[in-house]
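A.B. asks: My structure is stored as target_25.cif, with mmCIF, C-alpha atoms.
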```cif
data_query
loop_
_atom_site.label_atom_id
_atom_site.label_comp_id
_atom_site.auth_asym_id
_atom_site.auth_seq_id
_atom_site.Cartn_x
_atom_site.Cartn_y
_atom_site.Cartn_z
CA MET A 1 53.67 -10.29 -105.79
CA LYS A 2 55.22 -11.28 -109.00
CA VAL A 3 55.12 -14.75 -110.53
CA GLU A 4 58.56 -15.93 -111.62
CA SER A 5 59.09 -17.05 -115.23
CA THR A 6 62.21 -17.82 -117.30
CA GLU A 7 63.10 -17.22 -120.95
CA VAL A 8 63.51 -20.51 -122.87
CA ASP A 9 64.11 -20.23 -126.63
CA SER A 10 62.57 -16.76 -126.54
CA ARG A 11 59.42 -18.12 -124.90
CA LYS A 12 58.16 -17.12 -121.50
CA VAL A 13 57.97 -20.36 -119.47
CA PHE A 14 56.47 -20.88 -115.96
CA SER A 15 57.24 -23.67 -113.56
CA VAL A 16 54.14 -25.62 -112.45
CA SER A 17 54.31 -24.18 -108.98
CA SER A 18 54.68 -20.59 -110.15
CA PHE A 19 51.85 -21.10 -112.62
CA ASN A 20 49.63 -22.55 -109.90
CA GLU A 21 50.67 -19.77 -107.56
CA GLY A 22 49.66 -17.24 -110.17
CA ILE A 23 46.27 -18.87 -110.68
CA ALA A 24 45.75 -19.06 -106.93
CA LEU A 25 46.55 -15.38 -106.59
CA TRP A 26 44.23 -14.40 -109.39
CA LEU A 27 41.38 -16.56 -108.07
CA GLY A 28 41.92 -15.14 -104.61
CA LYS A 29 40.90 -11.74 -105.90
CA LEU A 30 37.42 -12.95 -106.85
CA PRO A 31 34.59 -11.91 -104.53
CA THR A 32 32.68 -14.13 -102.09
CA VAL A 33 29.37 -15.18 -103.65
CA TRP A 34 26.27 -17.32 -103.10
CA VAL A 35 26.03 -20.42 -105.32
CA GLU A 36 22.91 -22.52 -105.55
CA GLY A 37 22.94 -26.22 -106.44
CA GLU A 38 22.13 -29.80 -105.46
CA VAL A 39 24.31 -31.69 -103.03
CA SER A 40 26.03 -34.81 -104.35
CA GLU A 41 29.00 -36.95 -103.30
CA LEU A 42 28.94 -35.65 -99.75
CA ARG A 43 32.04 -37.02 -97.98
CA ARG A 44 32.72 -36.47 -94.31
CA SER A 45 35.16 -38.27 -92.05
CA GLU A 46 36.35 -37.70 -88.51
CA ARG A 47 39.89 -38.08 -89.88
CA TRP A 48 39.59 -35.17 -92.31
CA GLY A 49 39.83 -31.52 -91.54
CA SER A 50 37.33 -30.64 -94.24
CA VAL A 51 34.03 -31.91 -95.55
CA PHE A 52 33.81 -32.42 -99.31
CA LEU A 53 30.80 -32.35 -101.59
CA THR A 54 29.92 -31.54 -105.15
CA LEU A 55 27.38 -28.90 -106.03
CA ARG A 56 25.49 -29.88 -109.12
CA ASP A 57 23.37 -27.73 -111.36
CA PRO A 58 20.16 -29.77 -111.83
CA ALA A 59 19.43 -28.13 -115.18
CA SER A 60 22.72 -28.58 -116.99
CA GLY A 61 24.50 -31.13 -114.82
CA ALA A 62 27.42 -28.72 -114.35
CA CYS A 63 29.47 -29.55 -111.23
CA LEU A 64 31.40 -27.51 -108.68
CA PRO A 65 33.54 -29.16 -105.98
CA LEU A 66 33.01 -27.61 -102.57
CA GLN A 67 35.01 -27.82 -99.33
CA MET A 68 34.23 -26.62 -95.89
CA PRO A 69 36.17 -26.99 -92.60
CA ARG A 70 34.55 -29.92 -90.76
CA GLY A 71 34.05 -28.01 -87.47
CA GLN A 72 32.13 -25.27 -89.23
CA PHE A 73 30.10 -27.75 -91.26
CA ASP A 74 29.13 -29.75 -88.13
CA GLY A 75 28.27 -26.53 -86.36
CA LEU A 76 25.55 -25.85 -88.92
CA ARG A 77 23.93 -29.21 -88.04
CA LEU A 78 22.34 -29.38 -91.47
CA GLU A 79 22.36 -33.17 -91.76
CA LEU A 80 22.45 -32.81 -95.51
CA ALA A 81 21.71 -35.70 -97.81
CA ASP A 82 22.65 -36.09 -101.46
CA GLY A 83 20.13 -34.46 -103.78
CA GLU A 84 19.19 -31.63 -101.41
CA ARG A 85 19.09 -28.14 -102.80
CA VAL A 86 21.34 -25.71 -100.97
CA LEU A 87 22.84 -22.26 -101.11
CA ALA A 88 26.56 -22.07 -100.43
CA TYR A 89 28.33 -18.83 -99.61
CA GLY A 90 32.03 -18.92 -100.45
CA ARG A 91 34.87 -18.00 -102.67
CA PRO A 92 36.83 -19.90 -105.29
CA GLU A 93 40.04 -21.48 -104.09
CA PHE A 94 42.82 -23.18 -105.99
CA PHE A 95 44.55 -26.18 -104.47
CA GLN A 96 48.10 -25.68 -105.75
CA ARG A 97 49.47 -29.14 -104.95
CA ARG A 98 46.93 -30.85 -107.19
CA GLY A 99 46.08 -28.05 -109.55
CA SER A 100 42.45 -28.45 -108.68
CA PHE A 101 39.82 -25.90 -108.04
CA HIS A 102 36.92 -25.80 -105.56
CA LEU A 103 34.55 -23.45 -103.78
CA ARG A 104 35.61 -22.84 -100.16
CA ALA A 105 32.29 -22.45 -98.37
CA LEU A 106 31.90 -20.13 -95.39
CA THR A 107 28.34 -21.23 -94.79
CA ILE A 108 25.72 -23.46 -96.36
CA GLU A 109 21.97 -23.26 -95.96
CA ARG A 110 19.05 -25.19 -97.33
CA TYR A 111 17.37 -23.60 -100.31
CA GLY A 112 14.43 -21.52 -99.13
CA LEU A 113 15.72 -21.28 -95.55
CA GLY A 114 15.94 -17.51 -95.74
CA ALA A 115 12.25 -17.36 -96.66
CA HIS A 116 11.44 -19.85 -93.91
CA LEU A 117 13.32 -17.88 -91.30
CA LEU A 118 11.61 -14.69 -92.33
CA GLU A 119 8.21 -16.34 -92.18
CA LEU A 120 9.04 -17.81 -88.78
CA GLU A 121 10.14 -14.43 -87.46
CA ARG A 122 6.90 -12.85 -88.71
CA LEU A 123 4.84 -15.56 -87.03
CA LYS A 124 6.81 -15.08 -83.82
CA GLN A 125 6.16 -11.32 -83.87
CA ARG A 126 2.47 -11.85 -84.54
CA LEU A 127 1.98 -14.41 -81.74
CA ALA A 128 4.08 -12.31 -79.35
CA ALA A 129 1.86 -9.31 -80.13
CA GLU A 130 -1.15 -11.45 -79.21
CA GLY A 131 0.54 -12.09 -75.86
CA LEU A 132 0.90 -15.82 -76.42
CA PHE A 133 4.45 -15.83 -75.04
CA ALA A 134 3.80 -13.37 -72.20
CA GLN A 135 5.41 -14.13 -68.87
CA GLU A 136 2.08 -13.51 -67.08
CA ARG A 137 0.54 -16.44 -68.94
CA LYS A 138 3.06 -18.92 -67.52
CA ARG A 139 1.46 -21.18 -64.97
CA PRO A 140 3.28 -22.87 -62.11
CA LEU A 141 3.66 -26.64 -62.39
CA PRO A 142 1.69 -28.81 -59.94
CA ARG A 143 3.92 -29.71 -57.02
CA ILE A 144 3.03 -33.40 -57.06
CA PRO A 145 1.16 -34.22 -60.29
CA ARG A 146 -1.17 -37.22 -59.98
CA LEU A 147 -0.92 -37.94 -63.69
CA ILE A 148 1.79 -36.73 -66.06
CA GLY A 149 1.31 -36.64 -69.83
CA LEU A 150 4.27 -37.18 -72.14
CA VAL A 151 4.24 -36.55 -75.89
CA THR A 152 7.21 -38.04 -77.79
CA GLY A 153 8.12 -39.99 -80.89
CA SER A 154 7.44 -43.72 -80.88
CA ASP A 155 10.85 -45.00 -79.82
CA ALA A 156 12.62 -41.80 -79.10
CA ALA A 157 15.61 -41.50 -76.81
CA ALA A 158 13.78 -38.41 -75.56
CA LYS A 159 11.00 -40.62 -74.20
CA ARG A 160 13.46 -42.82 -72.34
CA ASP A 161 15.29 -39.78 -70.92
CA VAL A 162 12.10 -38.21 -69.58
CA LEU A 163 10.84 -41.47 -68.06
CA THR A 164 14.21 -42.29 -66.49
CA ALA A 165 14.47 -38.84 -64.94
CA ILE A 166 10.92 -39.04 -63.52
CA ALA A 167 11.37 -42.56 -62.15
CA GLY A 168 14.68 -41.63 -60.53
CA ARG A 169 13.29 -38.64 -58.70
CA PHE A 170 9.76 -39.68 -57.89
CA PRO A 171 9.21 -43.45 -58.30
CA PRO A 172 5.45 -43.42 -57.54
CA ALA A 173 4.73 -41.07 -60.50
CA THR A 174 2.23 -42.16 -63.12
CA VAL A 175 3.03 -41.14 -66.69
CA LEU A 176 0.66 -41.41 -69.62
CA VAL A 177 2.67 -41.54 -72.85
CA ALA A 178 1.12 -40.36 -76.11
CA GLU A 179 3.19 -41.24 -79.11
CA ALA A 180 3.10 -38.77 -81.97
CA HIS A 181 4.86 -38.03 -85.21
CA VAL A 182 7.62 -35.67 -84.19
CA GLN A 183 8.98 -35.20 -87.68
CA GLY A 184 7.56 -34.55 -91.11
CA PRO A 185 4.47 -32.82 -92.44
CA ARG A 186 2.05 -34.51 -90.03
CA ALA A 187 4.09 -33.74 -86.92
CA ALA A 188 2.43 -30.49 -85.85
CA SER A 189 -1.16 -31.77 -85.98
CA SER A 190 -0.11 -35.13 -84.50
CA VAL A 191 1.57 -33.50 -81.47
CA ALA A 192 -1.35 -31.10 -81.01
CA ALA A 193 -3.81 -34.02 -81.09
CA ALA A 194 -1.68 -35.94 -78.57
CA ILE A 195 -1.69 -32.98 -76.17
CA GLU A 196 -5.47 -32.73 -76.44
CA ALA A 197 -5.93 -36.47 -75.93
CA LEU A 198 -3.75 -36.41 -72.82
CA CYS A 199 -5.73 -33.53 -71.37
CA GLU A 200 -8.95 -35.45 -71.92
CA ARG A 201 -7.46 -38.29 -69.89
CA GLY A 202 -6.97 -35.89 -66.99
CA VAL A 203 -3.21 -35.30 -66.93
CA GLU A 204 -2.12 -32.44 -64.69
CA VAL A 205 0.96 -31.46 -66.67
CA VAL A 206 2.16 -32.21 -70.21
CA VAL A 207 5.76 -32.74 -71.30
CA VAL A 208 6.50 -32.37 -75.01
CA ALA A 209 9.89 -33.94 -75.67
CA ARG A 210 11.88 -34.34 -78.83
CA GLY A 211 15.58 -34.87 -79.26
CA GLY A 212 17.83 -32.69 -81.37
CA GLY A 213 17.44 -32.45 -85.12
CA SER A 214 18.00 -30.31 -88.12
CA PHE A 215 16.27 -27.00 -88.65
CA ASP A 216 13.70 -28.73 -90.86
CA ASP A 217 13.12 -31.50 -88.28
CA LEU A 218 12.26 -28.95 -85.62
CA LEU A 219 10.16 -26.76 -87.90
CA PRO A 220 6.84 -28.46 -86.93
CA PHE A 221 7.47 -27.27 -83.37
CA SER A 222 7.11 -23.72 -84.62
CA ASP A 223 3.88 -24.47 -86.50
CA GLU A 224 1.17 -21.97 -85.63
CA ARG A 225 -1.50 -24.61 -84.92
CA LEU A 226 0.77 -26.47 -82.52
CA VAL A 227 1.99 -23.28 -80.83
CA ARG A 228 -1.64 -22.25 -80.30
CA ALA A 229 -2.53 -25.73 -79.02
CA VAL A 230 0.27 -25.51 -76.45
CA ALA A 231 -0.82 -22.02 -75.36
CA ALA A 232 -4.45 -23.16 -75.09
CA CYS A 233 -3.62 -26.35 -73.19
CA PRO A 234 -5.70 -26.36 -69.97
CA VAL A 235 -2.79 -27.70 -67.91
CA PRO A 236 0.83 -26.46 -67.79
CA VAL A 237 3.13 -27.58 -70.62
CA VAL A 238 6.86 -28.24 -70.30
CA SER A 239 8.73 -28.24 -73.60
CA ALA A 240 12.02 -30.00 -74.26
CA VAL A 241 12.49 -29.75 -77.99
CA GLY A 242 15.86 -30.00 -79.71
CA HIS A 243 19.11 -28.92 -78.13
CA GLU A 244 19.51 -26.05 -75.75
CA GLN A 245 20.45 -23.56 -78.49
CA ASP A 246 17.45 -24.34 -80.74
CA VAL A 247 14.49 -22.28 -79.65
CA CYS A 248 11.26 -23.12 -81.39
CA LEU A 249 7.99 -21.26 -80.91
CA VAL A 250 6.51 -24.11 -78.84
CA ASP A 251 9.30 -23.41 -76.32
CA LEU A 252 8.15 -19.81 -76.10
CA ALA A 253 4.48 -20.73 -75.68
CA ALA A 254 5.14 -23.46 -73.11
CA ASP A 255 4.79 -22.65 -69.43
CA LEU A 256 8.31 -23.88 -68.84
CA ARG A 257 11.14 -24.69 -71.20
CA ALA A 258 13.58 -27.46 -70.32
CA SER A 259 17.00 -27.56 -71.95
CA THR A 260 16.83 -31.35 -72.42
CA PRO A 261 14.24 -34.14 -72.01
CA SER A 262 16.02 -35.30 -68.80
CA VAL A 263 15.71 -31.82 -67.33
CA ALA A 264 12.01 -31.80 -68.27
CA GLY A 265 11.57 -35.07 -66.37
CA ARG A 266 13.22 -33.63 -63.29
CA LEU A 267 11.14 -30.45 -63.47
CA VAL A 268 7.72 -32.11 -63.43
CA VAL A 269 8.15 -34.15 -60.27
CA PRO A 270 9.48 -33.32 -56.82
CA ASP A 271 12.39 -35.24 -55.30
CA LEU A 272 10.70 -37.92 -53.18
CA ALA A 273 13.67 -38.32 -50.83
CA GLU A 274 13.77 -34.57 -50.25
CA LEU A 275 10.01 -34.50 -49.73
CA ARG A 276 10.28 -37.25 -47.12
CA ALA A 277 13.10 -35.47 -45.34
CA GLY A 278 11.07 -32.24 -45.27
CA LEU A 279 8.05 -34.07 -43.86
CA GLU A 280 10.24 -35.68 -41.23
CA ARG A 281 11.59 -32.27 -40.23
CA SER A 282 8.02 -30.94 -39.95
CA ALA A 283 7.00 -33.88 -37.75
CA VAL A 284 9.96 -33.29 -35.45
CA GLY A 285 9.19 -29.56 -35.30
CA LEU A 286 5.50 -30.21 -34.62
CA ARG A 287 6.25 -32.50 -31.70
CA ARG A 288 8.88 -30.24 -30.28
CA SER A 289 6.59 -27.20 -30.32
CA ALA A 290 3.60 -29.13 -28.93
CA ALA A 291 5.78 -30.41 -26.09
CA ARG A 292 7.09 -26.88 -25.51
CA VAL A 293 3.59 -25.40 -25.21
CA CYS A 294 2.56 -28.18 -22.79
CA SER A 295 5.58 -27.76 -20.58
CA ARG A 296 5.24 -23.97 -20.54
CA HIS A 297 1.67 -24.33 -19.29
CA ALA A 298 2.73 -26.99 -16.80
CA GLU A 299 5.43 -24.71 -15.38
CA ARG A 300 3.04 -21.80 -15.07
CA LEU A 301 0.47 -24.00 -13.35
CA ALA A 302 3.09 -25.39 -10.99
CA ARG A 303 4.11 -21.85 -10.02
CA SER A 304 0.46 -20.95 -9.36
CA ALA A 305 -0.03 -24.13 -7.31
CA ALA A 306 3.05 -23.45 -5.19
CA ALA A 307 1.97 -19.85 -4.60
CA LEU A 308 -1.59 -20.94 -3.83
CA ARG A 309 -0.45 -23.44 -1.22
CA SER A 310 1.89 -21.16 0.59
CA ALA A 311 -0.46 -18.15 0.52
CA PRO A 312 -3.02 -19.12 3.23
CA ALA A 313 -0.33 -20.19 5.69
CA ARG A 314 1.51 -16.93 5.12
CA GLU A 315 -1.69 -14.97 5.45
CA LEU A 316 -2.50 -16.70 8.75
CA GLU A 317 1.08 -16.06 9.90
CA ARG A 318 0.73 -12.38 9.07
CA ARG A 319 -2.48 -12.14 11.07
CA ARG A 320 -0.94 -13.97 14.00
CA ASP A 321 2.03 -11.57 13.93
CA ARG A 322 -0.28 -8.59 13.92
CA LEU A 323 -2.24 -10.03 16.80
CA GLU A 324 0.98 -10.66 18.71
CA ALA A 325 2.15 -7.14 18.06
CA THR A 326 -1.14 -5.73 19.29
CA ALA A 327 -1.04 -7.96 22.34
CA GLY A 328 2.52 -6.77 23.06
CA ARG A 329 1.43 -3.17 22.86
CA LEU A 330 -1.51 -3.95 25.11
CA ARG A 331 0.77 -5.58 27.65
CA ALA A 332 3.20 -2.68 27.54
CA LEU A 333 0.38 -0.27 28.33
CA ALA A 334 -0.37 -1.83 31.76
CA PRO A 335 2.73 -0.49 33.75
CA ARG A 336 2.53 2.85 31.98
CA ALA A 337 -0.92 3.41 33.53
CA THR A 338 0.59 2.86 37.00
CA LEU A 339 3.31 5.50 36.38
CA GLU A 340 0.60 7.94 35.35
CA ARG A 341 -0.74 7.61 38.90
CA GLY A 342 2.66 8.86 40.31
CA TYR A 343 4.61 5.66 40.70
CA ALA A 344 8.21 5.44 39.42
CA ILE A 345 10.38 2.53 38.26
CA VAL A 346 14.01 2.56 39.44
CA HIS A 347 16.63 0.88 37.26
CA ALA A 348 20.22 0.15 38.28
CA GLU A 349 22.75 -1.53 35.99
CA GLY A 350 19.97 -2.26 33.44
CA ALA A 351 17.68 -4.09 35.89
CA VAL A 352 14.66 -3.01 37.91
CA VAL A 353 15.62 -2.28 41.51
CA ARG A 354 13.74 -4.44 43.98
CA GLU A 355 16.13 -4.20 47.02
CA PRO A 356 17.97 -1.12 48.36
CA PRO A 357 21.05 -0.72 46.11
CA ALA A 358 24.69 -0.27 47.26
CA SER A 359 25.48 3.28 48.39
CA GLY A 360 26.80 5.41 45.46
CA SER A 361 25.09 3.27 42.72
CA GLU A 362 24.01 5.16 39.58
CA LEU A 363 20.24 4.92 39.23
CA GLU A 364 17.78 5.57 36.37
CA ILE A 365 14.35 6.72 37.52
CA GLU A 366 11.50 6.25 35.03
CA VAL A 367 8.38 8.30 35.56
CA ALA A 368 5.21 8.76 33.49
CA ARG A 369 6.63 11.46 31.19
CA GLY A 370 10.35 10.54 30.91
CA ALA A 371 13.38 9.45 33.01
CA PHE A 372 16.23 10.97 35.03
CA GLY A 373 19.45 9.87 36.74
CA ALA A 374 20.12 9.72 40.60
CA ARG A 375 22.68 8.27 43.04
CA ALA A 376 21.95 5.99 46.01
CA ARG A 377 23.06 7.14 49.50
CA VAL B 1 -23.93 -21.00 -18.34
CA SER B 2 -20.50 -19.55 -18.81
CA GLU B 3 -18.16 -21.06 -21.35
CA ARG B 4 -15.13 -22.21 -19.42
CA SER B 5 -11.69 -22.46 -20.96
CA PHE B 6 -8.22 -23.42 -19.87
CA GLU B 7 -7.07 -19.83 -20.25
CA GLY B 8 -10.06 -18.50 -18.30
CA ASP B 9 -9.49 -20.91 -15.42
CA GLN B 10 -5.80 -20.16 -15.45
CA ALA B 11 -6.48 -16.42 -15.24
CA GLU B 12 -8.91 -16.98 -12.34
CA LEU B 13 -6.39 -19.11 -10.47
CA GLU B 14 -3.70 -16.48 -10.92
CA THR B 15 -6.04 -13.72 -9.71
CA ILE B 16 -6.80 -15.75 -6.58
CA VAL B 17 -3.10 -16.28 -5.92
CA ASP B 18 -2.43 -12.56 -6.44
CA ARG B 19 -5.17 -11.59 -3.96
CA LEU B 20 -3.96 -14.09 -1.39
CA GLU B 21 -0.38 -12.83 -1.75
CA ARG B 22 -1.43 -9.18 -1.43
CA GLY B 23 -3.29 -10.12 1.74
CA ASP B 24 -6.45 -8.06 1.11
CA VAL B 25 -8.70 -10.99 1.85
CA ALA B 26 -11.21 -11.14 4.68
CA LEU B 27 -10.48 -14.08 6.94
CA GLU B 28 -13.89 -15.63 6.28
CA GLU B 29 -13.03 -15.56 2.57
CA LEU B 30 -9.54 -17.05 2.89
CA ALA B 31 -10.63 -20.68 3.11
CA ARG B 32 -13.24 -20.29 0.40
CA LEU B 33 -10.76 -18.67 -2.02
CA TYR B 34 -8.15 -21.30 -1.28
CA GLU B 35 -10.64 -24.07 -1.91
CA ARG B 36 -11.63 -22.47 -5.23
CA GLY B 37 -7.91 -22.20 -6.13
CA GLU B 38 -7.33 -25.88 -5.41
CA GLU B 39 -10.39 -26.83 -7.48
CA LEU B 40 -9.14 -24.78 -10.42
CA TRP B 41 -5.67 -26.28 -10.13
CA ARG B 42 -7.01 -29.85 -10.16
CA ARG B 43 -9.00 -29.14 -13.29
CA LEU B 44 -6.15 -27.39 -15.09
CA ALA B 45 -3.59 -30.04 -14.18
CA ALA B 46 -5.90 -32.83 -15.36
CA GLU B 47 -6.58 -31.04 -18.63
CA LEU B 48 -2.90 -30.41 -19.23
CA GLU B 49 -2.03 -34.00 -18.47
CA GLN B 50 -4.71 -35.24 -20.85
CA THR B 51 -3.49 -32.95 -23.64
CA GLN B 52 0.10 -34.04 -23.13
CA GLY B 53 -0.94 -37.69 -23.23
CA ARG B 54 -2.89 -37.20 -26.45
CA ILE B 55 0.02 -35.44 -28.13
CA GLU B 56 2.40 -38.22 -27.18
CA GLU B 57 -0.03 -40.83 -28.47
CA LEU B 58 -0.45 -38.97 -31.78
CA GLY B 59 3.35 -38.76 -32.07
CA ARG B 60 3.63 -42.53 -31.65
CA LYS B 61 0.94 -43.04 -34.30
CA LEU B 62 2.80 -40.72 -36.68
CA ASP B 63 5.99 -42.74 -36.13
CA ALA B 64 4.17 -46.00 -36.86
CA ASP B 65 2.58 -44.55 -40.03
CA SER B 66 5.85 -43.22 -41.41
CA ALA B 67 7.54 -46.55 -40.62
CA ASP B 68 4.77 -48.24 -42.67
CA SER B 69 5.17 -45.93 -45.64
CA GLN B 70 8.97 -46.41 -45.67
CA LYS B 71 8.50 -50.16 -46.23
#
```
Could you write out this file's structure as structure tokens?

C.D. replies:
Amino acid sequence: MKVESTEVDSRKVFSVSSFNEGIALWLGKLPTVWVEGEVSELRRSERWGSVFLTLRDPASGACLPLQMPRGQFDGLRLELADGERVLAYGRPEFFQRRGSFHLRALTIERYGLGAHLLELERLKQRLAAEGLFAQERKRPLPRIPRLIGLVTGSDAAAKRDVLTAIAGRFPPATVLVAEAHVQGPRAASSVAAAIEALCERGVEVVVVARGGGSFDDLLPFSDERLVRAVAACPVPVVSAVGHEQDVCLVDLAADLRASTPSVAGRLVVPDLAELRAGLERSAVGLRRSAARVCSRHAERLARSAAALRSAPARELERRRDRLEATAGRLRALAPRATLERGYAIVHAEGAVVREPPASGSELEIEVARGAFGARAR
Amino acid sequence: VSERSFEGDQAELETIVDRLERGDVALEELARLYERGEELWRRLAAELEQTQGRIEELGRKLDADSADSQK
């Protein structure tokens, strides 16, 4: 692109906008760089699209205006204050309307963060190699803890969230709260001491809760002493530190990690209403099955009793029948003996003949070894 | 002294009924077996009744307890 100029009295003259455009173009060719300085005049408003601050060189007092889109700045969650030393990564930008110059930052980090992150990563690797974060070390939470320990800051919203969640789900729960420094240089040892004190009081599970904060605020929760204290805790530990996306080393060493303090509260106690309903279902099932066993036995016994009662009568009946049958055979034998002696029985029209029959009647003569037909004359 | 049980008595009763139904019982034995059957039945029925009663009573107690804890 070419910047327009005109000839006036044999001089090359630029309009303000073409001059500014030229500067902007030239500046735009400069590379993206890291600039280190102290934060001052930090200005942020919900109404503005960008956040403004001035980077100051503490040695010479030299100043550099800096801008960053507000969404990106908030996303870093730096919670910067004036006077803090930072590193800004950006490129120079010229604001043509005002003819002013600033650094357009792509990211900002606290001075020394890179070193911190590296150190943190090394610690994480070392503790992981020791097996401190191993899945096999995770212990299940007690189903109904008799005493719950809670470590939080003195008037933290985190404390309220945990207690509200516990009370809502399991009103009879007893919670022992140990207040600790959850920020600053004493935080790590203070939280570790609170965990130990709670364990001495006989808690069955410990919740460590802290609301969101800057990287520095959450740094104590990656302190080696505290991470080791959590791993060595004799009872299961539930951690709810920072927001869901911040993972500190305490989270990795804890037996269970909750995304928020409220979730931690819900995790450490069972739902009383659900528990009651389950118990009720068991009671109903118990009664039903006991009644079923009883009635099955009663039915079986009733069948036996019915069979028992009818059996002797039937047996006697059977014997009587057999006796009758034998008697019948005995009786039938008597006339047969007579036939054997040469007598015959004459039948006519199905009846035994006792009087001389009509002449021409068909007769059936039964003798000892069979029968034959004859006709009366 | 033999250890008697509900199941043992029940099995004995059922064996008696089976024998009586098959009819391989000497007449002199019929009355004796029947008497033994009736004796077993009385015992089993009483035991069953008692168990049923106890279960119902325990159920009522459970109801009362859970009504107390709901208060």

A.B. asks: Could you give me, as a count of residues only, the residues within 8 Å of segment 19-27 of chain B, counting all atoms listed in the file and dropping anything in the same chain fewer than 4 positions from it?

C.D. replies: 7

A.B. asks: Using all atoms listed in the file, find which residues of chain A lie within 12 Å of chain B and jot them down as a PyMOL selection string.

C.D. replies: chain A and resi 272-273+276-277+279-280+282-320

A.B. asks: Any idea what the distance is between atom CA of Val235 of chain A and atom CA of Arg139 of chain A?

C.D. replies: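 The value is 8.3 Å.
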
A.B. asks: Show which residues sit within 9 Å of segment 69-83 of chain A, as a PyMOL selection string. Count all atoms listed in the file, and ignore same-chain residues fewer than 2 positions away.

C.D. replies: chain A and resi 38-42+44-46+48-53+56+67+85+104-110+213-216

A.B. asks: When the PyMOL selection byres ((chain A and resi 87) around 6) is applied to the file above, which residues end up in the set, as an NGL selection string?

C.D. replies: :A and (35-36 or 86 or 88 or 108-109 or 111)

A.B. asks: Could you tell me, as an mmCIF file with C-alpha atoms, in the coordinates of the input, exactly which residues end up selected when the PyMOL selection byres ((chain A and resi 189-206) around 9) is applied to this structure?

C.D. replies:
```
data_model
loop_
_atom_site.group_PDB
_atom_site.id
_atom_site.type_symbol
_atom_site.label_atom_id
_atom_site.label_comp_id
_atom_site.auth_asym_id
_atom_site.auth_seq_id
_atom_site.Cartn_x
_atom_site.Cartn_y
_atom_site.Cartn_z
ATOM 1 C CA LEU A 141 3.660 -26.640 -62.390
ATOM 2 C CA PRO A 142 1.690 -28.810 -59.940
ATOM 3 C CA PRO A 145 1.160 -34.220 -60.290
ATOM 4 C CA ARG A 146 -1.170 -37.220 -59.980
ATOM 5 C CA LEU A 147 -0.920 -37.940 -63.690
ATOM 6 C CA ILE A 148 1.790 -36.730 -66.060
ATOM 7 C CA GLY A 149 1.310 -36.640 -69.830
ATOM 8 C CA LEU A 150 4.270 -37.180 -72.140
ATOM 9 C CA VAL A 151 4.240 -36.550 -75.890
ATOM 10 C CA THR A 152 7.210 -38.040 -77.790
ATOM 11 C CA VAL A 175 3.030 -41.140 -66.690
ATOM 12 C CA LEU A 176 0.660 -41.410 -69.620
ATOM 13 C CA VAL A 177 2.670 -41.540 -72.850
ATOM 14 C CA ALA A 178 1.120 -40.360 -76.110
ATOM 15 C CA GLU A 179 3.190 -41.240 -79.110
ATOM 16 C CA ALA A 180 3.100 -38.770 -81.970
ATOM 17 C CA HIS A 181 4.860 -38.030 -85.210
ATOM 18 C CA VAL A 182 7.620 -35.670 -84.190
ATOM 19 C CA PRO A 185 4.470 -32.820 -92.440
ATOM 20 C CA ARG A 186 2.050 -34.510 -90.030
ATOM 21 C CA ALA A 187 4.090 -33.740 -86.920
ATOM 22 C CA ALA A 188 2.430 -30.490 -85.850
ATOM 23 C CA VAL A 207 5.760 -32.740 -71.300
ATOM 24 C CA VAL A 208 6.500 -32.370 -75.010
ATOM 25 C CA PRO A 220 6.840 -28.460 -86.930
ATOM 26 C CA PHE A 221 7.470 -27.270 -83.370
ATOM 27 C CA ASP A 223 3.880 -24.470 -86.500
ATOM 28 C CA ARG A 225 -1.500 -24.610 -84.920
ATOM 29 C CA LEU A 226 0.770 -26.470 -82.520
ATOM 30 C CA VAL A 227 1.990 -23.280 -80.830
ATOM 31 C CA ARG A 228 -1.640 -22.250 -80.300
ATOM 32 C CA ALA A 229 -2.530 -25.730 -79.020
ATOM 33 C CA VAL A 230 0.270 -25.510 -76.450
ATOM 34 C CA CYS A 233 -3.620 -26.350 -73.190
ATOM 35 C CA PRO A 234 -5.700 -26.360 -69.970
ATOM 36 C CA VAL A 235 -2.790 -27.700 -67.910
ATOM 37 C CA PRO A 236 0.830 -26.460 -67.790
ATOM 38 C CA VAL A 237 3.130 -27.580 -70.620
ATOM 39 C CA VAL A 238 6.860 -28.240 -70.300
ATOM 40 C CA SER A 239 8.730 -28.240 -73.600
ATOM 41 C CA VAL A 268 7.720 -32.110 -63.430
#
```

A.B. asks: With distances taken over only C-alpha atoms, which residue among A:Ala209, A:Ile23, A:Ala348, A:Leu275 lies nearest His243 of chain A?

C.D. replies: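 Closest residue, counting only C-alpha atoms: A:Ala209.
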
A.B. asks: Rounded to one decimal place, report the atom CA of Arg210 of chain A-atom CA of Glu136 of chain A distance in Å.

C.D. replies: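 About the pair atom CA of Arg210 of chain A and atom CA of Glu136 of chain A: they are 25.8 Å apart.
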